[in-house]
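> Dropping in protein_18.pdb, with PDB, C-alpha atoms and all ligand atoms.
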MODEL        1
ATOM      1  CA  MET A  23       4.308  -7.989  -5.455
ATOM      2  CA  GLU A  24       7.266  -9.359  -7.358
ATOM      3  CA  LEU A  25       5.329  -9.143 -10.615
ATOM      4  CA  GLU A  26       4.564  -5.448 -10.027
ATOM      5  CA  VAL A  27       8.266  -4.701  -9.607
ATOM      6  CA  GLU A  28       9.088  -6.809 -12.670
ATOM      7  CA  THR A  29       6.542  -4.881 -14.738
ATOM      8  CA  LEU A  30       7.890  -1.494 -13.607
ATOM      9  CA  LYS A  31      11.483  -2.676 -14.107
ATOM     10  CA  GLU A  32      10.765  -3.465 -17.750
ATOM     11  CA  LYS A  33       9.542   0.102 -18.292
ATOM     12  CA  MET A  34      12.488   1.716 -16.474
ATOM     13  CA  GLU A  35      15.819   2.988 -17.614
ATOM     14  CA  ILE A  36      17.879   1.558 -14.760
ATOM     15  CA  ARG A  37      20.908   3.561 -13.610
ATOM     16  CA  GLY A  38      21.846   1.789 -10.409
ATOM     17  CA  ARG A  39      21.090  -1.134  -8.116
ATOM     18  CA  THR A  40      21.676  -0.997  -4.348
ATOM     19  CA  LYS A  41      21.259  -3.900  -1.915
ATOM     20  CA  LYS A  42      20.313  -2.927   1.607
ATOM     21  CA  ALA A  43      18.515  -4.897   4.323
ATOM     22  CA  SER A  44      18.162  -7.751   1.800
ATOM     23  CA  MET A  45      16.116  -5.534  -0.536
ATOM     24  CA  GLU A  46      17.159  -4.423  -4.025
ATOM     25  CA  PHE A  47      16.601  -0.725  -4.739
ATOM     26  CA  LEU A  48      16.504   0.121  -8.454
ATOM     27  CA  GLU A  49      17.294   3.721  -9.317
ATOM     28  CA  GLY A  50      16.563   5.254 -12.666
ATOM     29  CA  THR A  51      13.897   6.932 -14.740
ATOM     30  CA  LEU A  52      10.411   5.894 -15.734
ATOM     31  CA  ASN A  53       9.189   8.061 -18.621
ATOM     32  CA  GLN A  54      11.711  10.759 -17.631
ATOM     33  CA  THR A  55      10.702  10.816 -13.949
ATOM     34  CA  GLU A  56      13.398   9.924 -11.410
ATOM     35  CA  VAL A  57      12.266   6.865  -9.452
ATOM     36  CA  VAL A  58      13.451   4.248  -6.988
ATOM     37  CA  VAL A  59      11.587   0.943  -7.343
ATOM     38  CA  VAL A  60      11.786  -1.684  -4.594
ATOM     39  CA  GLN A  61       9.891  -4.702  -3.297
ATOM     40  CA  SER A  62       9.635  -4.273   0.474
ATOM     41  CA  GLY A  63       8.672  -7.816   1.365
ATOM     42  CA  ILE A  64       5.767  -8.748   3.591
ATOM     43  CA  GLY A  65       4.777  -7.273   6.934
ATOM     44  CA  LYS A  66       5.148  -4.109   8.951
ATOM     45  CA  VAL A  67       8.847  -4.336   9.817
ATOM     46  CA  ASN A  68       9.978  -5.016   6.241
ATOM     47  CA  ALA A  69       7.802  -2.179   4.965
ATOM     48  CA  ALA A  70       8.990   0.338   7.581
ATOM     49  CA  LEU A  71      12.655  -0.556   6.990
ATOM     50  CA  CYS A  72      12.124  -0.114   3.284
ATOM     51  CA  ALA A  73      10.489   3.300   3.688
ATOM     52  CA  GLN A  74      13.252   4.490   6.027
ATOM     53  CA  ILE A  75      15.937   3.422   3.548
ATOM     54  CA  LEU A  76      14.066   5.306   0.798
ATOM     55  CA  ALA A  77      14.185   8.370   3.045
ATOM     56  CA  ASP A  78      17.783   8.081   4.284
ATOM     57  CA  LEU A  79      19.659   6.721   1.293
ATOM     58  CA  PHE A  80      17.614   7.973  -1.646
ATOM     59  CA  HIS A  81      16.006  11.129  -0.196
ATOM     60  CA  VAL A  82      12.764  10.379  -2.038
ATOM     61  CA  SER A  83      10.286  13.249  -2.348
ATOM     62  CA  HIS A  84       7.155  11.035  -2.415
ATOM     63  CA  ILE A  85       6.257   7.401  -1.678
ATOM     64  CA  ILE A  86       3.718   5.419  -3.710
ATOM     65  CA  ASN A  87       3.064   1.964  -2.274
ATOM     66  CA  THR A  88       1.221  -0.632  -4.331
ATOM     67  CA  GLY A  89       0.258  -4.201  -3.536
ATOM     68  CA  VAL A  90      -2.716  -6.396  -2.748
ATOM     69  CA  ALA A  91      -5.298  -6.392   0.052
ATOM     70  CA  GLY A  92      -8.360  -8.172   1.382
ATOM     71  CA  SER A  93     -11.693  -6.369   0.977
ATOM     72  CA  LEU A  94     -13.614  -5.245   4.068
ATOM     73  CA  LYS A  95     -16.694  -4.108   2.101
ATOM     74  CA  LYS A  96     -19.292  -6.235   0.361
ATOM     75  CA  GLU A  97     -19.288  -3.996  -2.709
ATOM     76  CA  ILE A  98     -15.481  -3.938  -3.105
ATOM     77  CA  ASP A  99     -14.675  -6.963  -5.181
ATOM     78  CA  ILE A 100     -11.626  -8.924  -6.275
ATOM     79  CA  GLY A 101      -9.710  -6.906  -8.884
ATOM     80  CA  ASP A 102     -11.036  -3.538  -7.673
ATOM     81  CA  ILE A 103      -8.567  -0.896  -6.470
ATOM     82  CA  VAL A 104      -8.507   1.014  -3.179
ATOM     83  CA  VAL A 105      -6.650   4.329  -2.780
ATOM     84  CA  SER A 106      -5.896   5.424   0.796
ATOM     85  CA  THR A 107      -7.299   8.455   2.574
ATOM     86  CA  ASP A 108      -5.414   7.304   5.662
ATOM     87  CA  ALA A 109      -3.882   4.158   7.137
ATOM     88  CA  LEU A 110      -3.753   2.688  10.641
ATOM     89  CA  TYR A 111      -2.758  -0.463  12.514
ATOM     90  CA  HIS A 112      -5.448  -2.961  13.525
ATOM     91  CA  ASP A 113      -3.035  -4.930  15.728
ATOM     92  CA  VAL A 114      -1.814  -2.201  18.109
ATOM     93  CA  ASP A 115      -3.489  -2.149  21.521
ATOM     94  CA  VAL A 116      -2.243   0.175  24.265
ATOM     95  CA  ARG A 117      -5.715   0.921  25.640
ATOM     96  CA  VAL A 118      -4.499   0.074  29.125
ATOM     97  CA  PHE A 119      -2.617   3.419  29.123
ATOM     98  CA  GLY A 120      -5.553   5.372  27.657
ATOM     99  CA  TYR A 121      -4.688   5.232  23.951
ATOM    100  CA  PRO A 122      -7.456   4.439  21.454
ATOM    101  CA  LEU A 123      -7.264   0.947  19.936
ATOM    102  CA  GLY A 124      -4.786   1.092  17.032
ATOM    103  CA  GLU A 125      -2.798   4.116  18.202
ATOM    104  CA  VAL A 126       0.957   3.850  18.744
ATOM    105  CA  PRO A 127       1.860   5.734  21.940
ATOM    106  CA  GLN A 128       3.625   9.102  21.649
ATOM    107  CA  VAL A 129       3.308   9.394  17.864
ATOM    108  CA  GLY A 130       0.418  11.839  18.056
ATOM    109  CA  CYS A 131      -2.106  10.336  15.661
ATOM    110  CA  LEU A 132      -4.200   7.222  15.264
ATOM    111  CA  ALA A 133      -4.410   7.197  11.457
ATOM    112  CA  PHE A 134      -1.680   8.501   9.165
ATOM    113  CA  PRO A 135      -3.203  10.747   6.485
ATOM    114  CA  ALA A 136      -2.253  10.171   2.853
ATOM    115  CA  ASP A 137      -1.213  13.122   0.727
ATOM    116  CA  GLU A 138      -4.392  14.525  -0.822
ATOM    117  CA  HIS A 139      -2.798  15.415  -4.149
ATOM    118  CA  LEU A 140      -1.245  11.941  -4.556
ATOM    119  CA  ALA A 141      -4.569  10.311  -3.664
ATOM    120  CA  GLN A 142      -6.421  12.542  -6.119
ATOM    121  CA  ILE A 143      -4.105  11.752  -9.023
ATOM    122  CA  ALA A 144      -4.194   8.043  -8.135
ATOM    123  CA  LEU A 145      -7.998   8.115  -8.384
ATOM    124  CA  SER A 146      -8.154  10.073 -11.628
ATOM    125  CA  CYS A 147      -5.343   8.092 -13.307
ATOM    126  CA  CYS A 148      -6.972   4.822 -12.270
ATOM    127  CA  LYS A 149     -10.250   5.839 -13.901
ATOM    128  CA  GLU A 150      -8.366   6.915 -17.011
ATOM    129  CA  VAL A 151      -6.018   3.940 -17.500
ATOM    130  CA  ASN A 152      -8.115   1.154 -15.956
ATOM    131  CA  PRO A 153     -11.691   2.211 -16.855
ATOM    132  CA  GLU A 154     -12.997  -1.357 -16.499
ATOM    133  CA  ILE A 155     -12.070  -1.424 -12.794
ATOM    134  CA  SER A 156     -13.981   0.087  -9.864
ATOM    135  CA  VAL A 157     -11.793   2.339  -7.728
ATOM    136  CA  TYR A 158     -12.599   3.328  -4.133
ATOM    137  CA  GLN A 159     -11.044   5.781  -1.721
ATOM    138  CA  GLY A 160     -10.904   5.250   2.025
ATOM    139  CA  ARG A 161      -9.053   3.925   5.034
ATOM    140  CA  ILE A 162      -6.565   1.087   4.737
ATOM    141  CA  VAL A 163      -5.836  -0.999   7.832
ATOM    142  CA  SER A 164      -2.694  -3.021   8.358
ATOM    143  CA  GLY A 165      -1.353  -5.643  10.718
ATOM    144  CA  ASP A 166       1.025  -8.579  10.849
ATOM    145  CA  GLN A 167      -1.763 -11.035  10.119
ATOM    146  CA  PHE A 168      -3.321 -12.468   6.964
ATOM    147  CA  ILE A 169      -7.045 -12.078   7.632
ATOM    148  CA  SER A 170      -9.038 -15.127   6.559
ATOM    149  CA  ASP A 171     -11.560 -15.528   9.375
ATOM    150  CA  LYS A 172     -14.986 -13.873   9.264
ATOM    151  CA  GLN A 173     -15.029 -13.081  12.995
ATOM    152  CA  VAL A 174     -11.584 -11.430  12.893
ATOM    153  CA  LYS A 175     -12.636  -9.526   9.770
ATOM    154  CA  ASP A 176     -15.861  -8.306  11.421
ATOM    155  CA  ASN A 177     -13.952  -7.094  14.497
ATOM    156  CA  ILE A 178     -11.571  -5.107  12.271
ATOM    157  CA  ILE A 179     -14.521  -3.586  10.384
ATOM    158  CA  ASN A 180     -16.307  -2.624  13.611
ATOM    159  CA  ASN A 181     -13.194  -1.188  15.243
ATOM    160  CA  PHE A 182     -11.666   0.714  12.333
ATOM    161  CA  GLN A 183     -14.111   1.250   9.427
ATOM    162  CA  GLY A 184     -11.488   0.395   6.788
ATOM    163  CA  LEU A 185     -12.100  -0.457   3.147
ATOM    164  CA  CYS A 186      -9.393  -3.103   2.959
ATOM    165  CA  VAL A 187      -6.823  -4.912   5.071
ATOM    166  CA  GLU A 188      -3.209  -5.719   4.282
ATOM    167  CA  MET A 189       0.160  -6.066   6.008
ATOM    168  CA  GLU A 190       2.338  -3.042   5.133
ATOM    169  CA  GLY A 191       0.460   0.164   4.324
ATOM    170  CA  ALA A 192       0.177   1.678   7.807
ATOM    171  CA  SER A 193       3.862   1.146   8.581
ATOM    172  CA  ILE A 194       4.861   2.813   5.297
ATOM    173  CA  ALA A 195       2.421   5.597   6.218
ATOM    174  CA  HIS A 196       3.907   5.782   9.730
ATOM    175  CA  ALA A 197       7.492   5.988   8.433
ATOM    176  CA  SER A 198       6.447   8.571   5.818
ATOM    177  CA  TYR A 199       4.676  10.621   8.498
ATOM    178  CA  LEU A 200       7.743  10.640  10.773
ATOM    179  CA  ASN A 201       9.965  11.650   7.847
ATOM    180  CA  GLN A 202       7.435  14.165   6.458
ATOM    181  CA  ILE A 203       7.259  12.460   3.085
ATOM    182  CA  PRO A 204       3.934  12.644   1.196
ATOM    183  CA  PHE A 205       2.617   9.133   0.535
ATOM    184  CA  VAL A 206      -0.299   7.188  -0.881
ATOM    185  CA  ILE A 207      -1.174   3.498  -0.606
ATOM    186  CA  ILE A 208      -2.815   1.826  -3.621
ATOM    187  CA  ARG A 209      -4.099  -1.723  -3.269
ATOM    188  CA  ALA A 210      -5.657  -4.231  -5.660
ATOM    189  CA  ILE A 211      -8.198  -6.467  -3.938
ATOM    190  CA  SER A 212      -7.091 -10.115  -4.030
ATOM    191  CA  ASP A 213      -9.593 -11.671  -1.596
ATOM    192  CA  LYS A 214     -12.494 -10.955   0.732
ATOM    193  CA  ALA A 215     -10.467 -11.381   3.964
ATOM    194  CA  ASP A 216     -12.588 -14.360   5.025
ATOM    195  CA  ASP A 217     -12.939 -18.033   4.133
ATOM    196  CA  SER A 218     -14.880 -17.442   0.907
ATOM    197  CA  ALA A 219     -13.977 -19.349  -2.267
ATOM    198  CA  GLU A 220     -10.434 -19.148  -3.558
ATOM    199  CA  MET A 221      -9.802 -17.618  -6.951
ATOM    200  CA  ASP A 222      -7.220 -18.158  -9.638
ATOM    201  CA  TYR A 223      -4.322 -16.267  -8.016
ATOM    202  CA  PRO A 224      -1.821 -16.309 -10.927
ATOM    203  CA  THR A 225      -4.437 -14.816 -13.281
ATOM    204  CA  PHE A 226      -5.420 -12.197 -10.706
ATOM    205  CA  GLU A 227      -1.786 -11.330  -9.948
ATOM    206  CA  LYS A 228      -0.919 -10.814 -13.602
ATOM    207  CA  ALA A 229      -3.865  -8.471 -14.153
ATOM    208  CA  ALA A 230      -3.358  -6.621 -10.832
ATOM    209  CA  ALA A 231       0.356  -6.066 -11.509
ATOM    210  CA  ALA A 232      -0.429  -4.680 -14.971
ATOM    211  CA  HIS A 233      -3.124  -2.379 -13.541
ATOM    212  CA  SER A 234      -0.975  -0.970 -10.760
ATOM    213  CA  ALA A 235       2.102  -0.549 -12.982
ATOM    214  CA  ALA A 236       0.004   1.353 -15.558
ATOM    215  CA  LEU A 237      -1.477   3.471 -12.792
ATOM    216  CA  VAL A 238       1.916   4.370 -11.269
ATOM    217  CA  GLU A 239       3.361   5.125 -14.692
ATOM    218  CA  HIS A 240       0.553   7.591 -15.438
ATOM    219  CA  MET A 241       0.714   9.217 -12.011
ATOM    220  CA  LEU A 242       4.418  10.089 -12.175
ATOM    221  CA  PRO A 243       4.288  13.165 -14.458
ATOM    222  CA  LEU A 244       1.475  14.589 -12.319
ATOM    223  CA  VAL A 245       3.265  14.212  -8.964
TER     224      VAL A 245
HETATM  225  N1  LIG A 301      -3.164  -9.076   1.620
HETATM  226  C1  LIG A 301      -4.025  -9.573   0.718
HETATM  227  N2  LIG A 301      -5.096 -10.122   1.309
HETATM  228  C2  LIG A 301      -4.906  -9.985   2.643
HETATM  229  C3  LIG A 301      -5.644 -10.377   3.787
HETATM  230  N3  LIG A 301      -6.787 -11.031   3.668
HETATM  231  N4  LIG A 301      -5.132 -10.084   5.005
HETATM  232  C4  LIG A 301      -3.949  -9.444   5.115
HETATM  233  N5  LIG A 301      -3.211  -9.063   4.070
HETATM  234  C5  LIG A 301      -3.673  -9.315   2.840
ENDMDL
END
Show this structure as structure tokens.

Amino acid sequence: MELEVETLKEKMEIRGRTKKASMEFLEGTLNQTEVVVVQSGIGKVNAALCAQILADLFHVSHIINTGVAGSLKKEIDIGDIVVSTDALYHDVDVRVFGYPLGEVPQVGCLAFPADEHLAQIALSCCKEVNPEISVYQGRIVSGDQFISDKQVKDNIINNFQGLCVEMEGASIAHASYLNQIPFVIIRAISDKADDSAEMDYPTFEKAAAAHSAALVEHMLPLV
């Protein structure tokens, strides 16, 4: 989210700005840790391009992706945080050639596993800095679709057993996997991925951006 980047930017000592693929990459330090902060934009292609640029141009050692997601579990509510164990695509279907639903041919895995250490520190830092929020760990599913229909949501739940759905995580995971970069996806729940009542998005966004910025800031020295 733009507000997440803005919040991190304010805490950074910025050394350089690079424009590439219409994205602005901010290089510098955040509490003495070298970081590159960037807003990827929405969807799988934007996110994959962004991750590849982080690998090629900035040689990043780790990738932490934050953003929002729709909940796929009754108990995971708006404002809660989900940390990935793994991530996969819900909109890939090459079953006709024998691949399981969701698997990209010739890559060698269905779900891209998050780095266990990054996931562990994300969980513990979240409990420490955002004690009022419930944090969950599990699978994140991604696709180029905003899910707002109960039937579509139920199909995704039945097919993939994810905790939340969004539009970038699995492609960042995929790019990280191909480049052998440890990654974790961290998502604040913004909606229930169905047609349930709308909430006050600006208020949610402000709180979610503050929570994820605080979380990332506290994770960095432990990476
Ligand atoms: N990001 C936030 N909520 C989402 C949803 N319901 N579907 C896809 N991406 C999302």
> Axis-aligned box over every listed atom of ligand LIG 301 (chain A), padded by 5 Å per side: centre and edges in Å to one decimal, as lines of an AutoDock Vina configuration file?

center_x = -5.0
center_y = -10.0
center_z = 2.9
size_x = 13.6
size_y = 12.0
size_z = 14.4
> Distance CA of Gly92 in chain A-CA of Asp171 in chain A, one decimal place?
11.3 Å
> Applying the PyMOL selection byres (((chain A and resi 135-143) around 7) and not hetatm) to the file I just gave you, which residues come out? Please list them as a list in words.
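With the PyMOL selection byres (((chain A and resi 135-143) around 7) and not hetatm) on this model, the match is Val105, Ser106, Thr107, Asp108, Ala109, Ala133, Phe134, Ala144, Leu145, Ser146, Cys147, Pro204, Phe205, Val206, Met241 and Val245 of chain A.
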> Could you save the residues just selected, with C-alpha atoms, as a compact mmCIF listing (two decimals), in the frame of the given file?

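out_27.txt was written with the following content:
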# COMPACT_ATOMS: atom_id res chain seq x y z
CA VAL A 105 -6.65 4.33 -2.78
CA SER A 106 -5.90 5.42 0.80
CA THR A 107 -7.30 8.46 2.57
CA ASP A 108 -5.41 7.30 5.66
CA ALA A 109 -3.88 4.16 7.14
CA ALA A 133 -4.41 7.20 11.46
CA PHE A 134 -1.68 8.50 9.16
CA ALA A 144 -4.19 8.04 -8.14
CA LEU A 145 -8.00 8.12 -8.38
CA SER A 146 -8.15 10.07 -11.63
CA CYS A 147 -5.34 8.09 -13.31
CA PRO A 204 3.93 12.64 1.20
CA PHE A 205 2.62 9.13 0.54
CA VAL A 206 -0.30 7.19 -0.88
CA MET A 241 0.71 9.22 -12.01
CA VAL A 245 3.26 14.21 -8.96
> Restricting the calculation to only C-alpha atoms, which member of A:Ala210, A:Val116, A:Ile98, A:Phe80 is positioned closest to Ala235 in chain A?
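Of A:Ala210, A:Val116, A:Ile98, A:Phe80, the one nearest Ala235 in chain A is A:Ala210, counting only C-alpha atoms.
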> Evaluate the PyMOL selection byres (((chain A and resi 24) around 9) and not hetatm) and record the selected residues as a list in words, following the chain and residue labels used in the document.
Met23, Leu25, Glu26, Val27, Glu28, Thr29, Gln61, Gly63 and Ala231 of chain A
> Please give me, as a ChimeraX atom specification, the residues lying within 10 Å of ligand LIG 301 (chain A) when counting only C-alpha atoms and all ligand atoms.
/A:64-65,89-94,163-171,175,186-191,209-217
> Which residue, A:Val60, A:Asn201, A:His240, A:Ala232, has the smallest gap to Ala77 in chain A when you use only C-alpha atoms?
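Residue with the minimum atom-to-atom distance to Ala77 in chain A: A:Asn201.
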> Mind giving me the straight-line distance from CA of Glu35 in chain A to CA of Gly50 in chain A in Å, one decimal?
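Between CA of Glu35 in chain A and CA of Gly50 in chain A the gap works out to 5.5 Å.
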> Output requested as a short mmCIF file (atom, residue, chain, number, x, y, z; two decimals), in the coordinates of the input - range 125-148 of chain A, filled out with N, CA and C atoms.

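For reference, selection.cif as written:
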data_model
loop_
_atom_site.label_atom_id
_atom_site.label_comp_id
_atom_site.auth_asym_id
_atom_site.auth_seq_id
_atom_site.Cartn_x
_atom_site.Cartn_y
_atom_site.Cartn_z
N GLU A 125 -3.76 2.99 18.16
CA GLU A 125 -2.80 4.12 18.20
C GLU A 125 -1.48 3.72 18.86
N VAL A 126 -0.39 4.07 18.19
CA VAL A 126 0.96 3.85 18.74
C VAL A 126 1.25 4.99 19.72
N PRO A 127 1.61 4.68 20.96
CA PRO A 127 1.86 5.73 21.94
C PRO A 127 2.91 6.75 21.47
N GLN A 128 2.67 8.00 21.82
CA GLN A 128 3.62 9.10 21.65
C GLN A 128 3.88 9.52 20.20
N VAL A 129 3.13 8.98 19.26
CA VAL A 129 3.31 9.39 17.86
C VAL A 129 2.43 10.60 17.56
N GLY A 130 1.27 10.65 18.20
CA GLY A 130 0.42 11.84 18.06
C GLY A 130 -0.75 11.69 17.11
N CYS A 131 -0.88 10.53 16.45
CA CYS A 131 -2.11 10.34 15.66
C CYS A 131 -2.43 8.85 15.55
N LEU A 132 -3.72 8.61 15.39
CA LEU A 132 -4.20 7.22 15.26
C LEU A 132 -4.03 6.73 13.83
N ALA A 133 -4.46 7.57 12.88
CA ALA A 133 -4.41 7.20 11.46
C ALA A 133 -3.50 8.19 10.73
N PHE A 134 -2.64 7.66 9.89
CA PHE A 134 -1.68 8.50 9.16
C PHE A 134 -2.31 8.96 7.85
N PRO A 135 -2.50 10.28 7.68
CA PRO A 135 -3.20 10.75 6.48
C PRO A 135 -2.34 10.70 5.22
N ALA A 136 -2.95 10.19 4.15
CA ALA A 136 -2.25 10.17 2.85
C ALA A 136 -2.23 11.59 2.29
N ASP A 137 -1.28 11.82 1.40
CA ASP A 137 -1.21 13.12 0.73
C ASP A 137 -2.42 13.28 -0.21
N GLU A 138 -3.14 14.37 -0.06
CA GLU A 138 -4.39 14.52 -0.82
C GLU A 138 -4.16 14.62 -2.33
N HIS A 139 -3.08 15.29 -2.72
CA HIS A 139 -2.80 15.42 -4.15
C HIS A 139 -2.45 14.04 -4.75
N LEU A 140 -1.60 13.28 -4.05
CA LEU A 140 -1.25 11.94 -4.56
C LEU A 140 -2.49 11.06 -4.67
N ALA A 141 -3.35 11.13 -3.65
CA ALA A 141 -4.57 10.31 -3.66
C ALA A 141 -5.48 10.72 -4.82
N GLN A 142 -5.57 12.04 -5.05
CA GLN A 142 -6.42 12.54 -6.12
C GLN A 142 -5.93 12.08 -7.49
N ILE A 143 -4.61 12.18 -7.70
CA ILE A 143 -4.11 11.75 -9.02
C ILE A 143 -4.17 10.22 -9.17
N ALA A 144 -4.04 9.51 -8.05
CA ALA A 144 -4.19 8.04 -8.14
C ALA A 144 -5.61 7.70 -8.59
N LEU A 145 -6.60 8.38 -8.02
CA LEU A 145 -8.00 8.12 -8.38
C LEU A 145 -8.26 8.45 -9.85
N SER A 146 -7.82 9.66 -10.26
CA SER A 146 -8.15 10.07 -11.63
C SER A 146 -7.38 9.24 -12.65
N CYS A 147 -6.12 8.92 -12.36
CA CYS A 147 -5.34 8.09 -13.31
C CYS A 147 -5.93 6.69 -13.39
N CYS A 148 -6.41 6.17 -12.26
CA CYS A 148 -6.97 4.82 -12.27
C CYS A 148 -8.20 4.77 -13.17
#
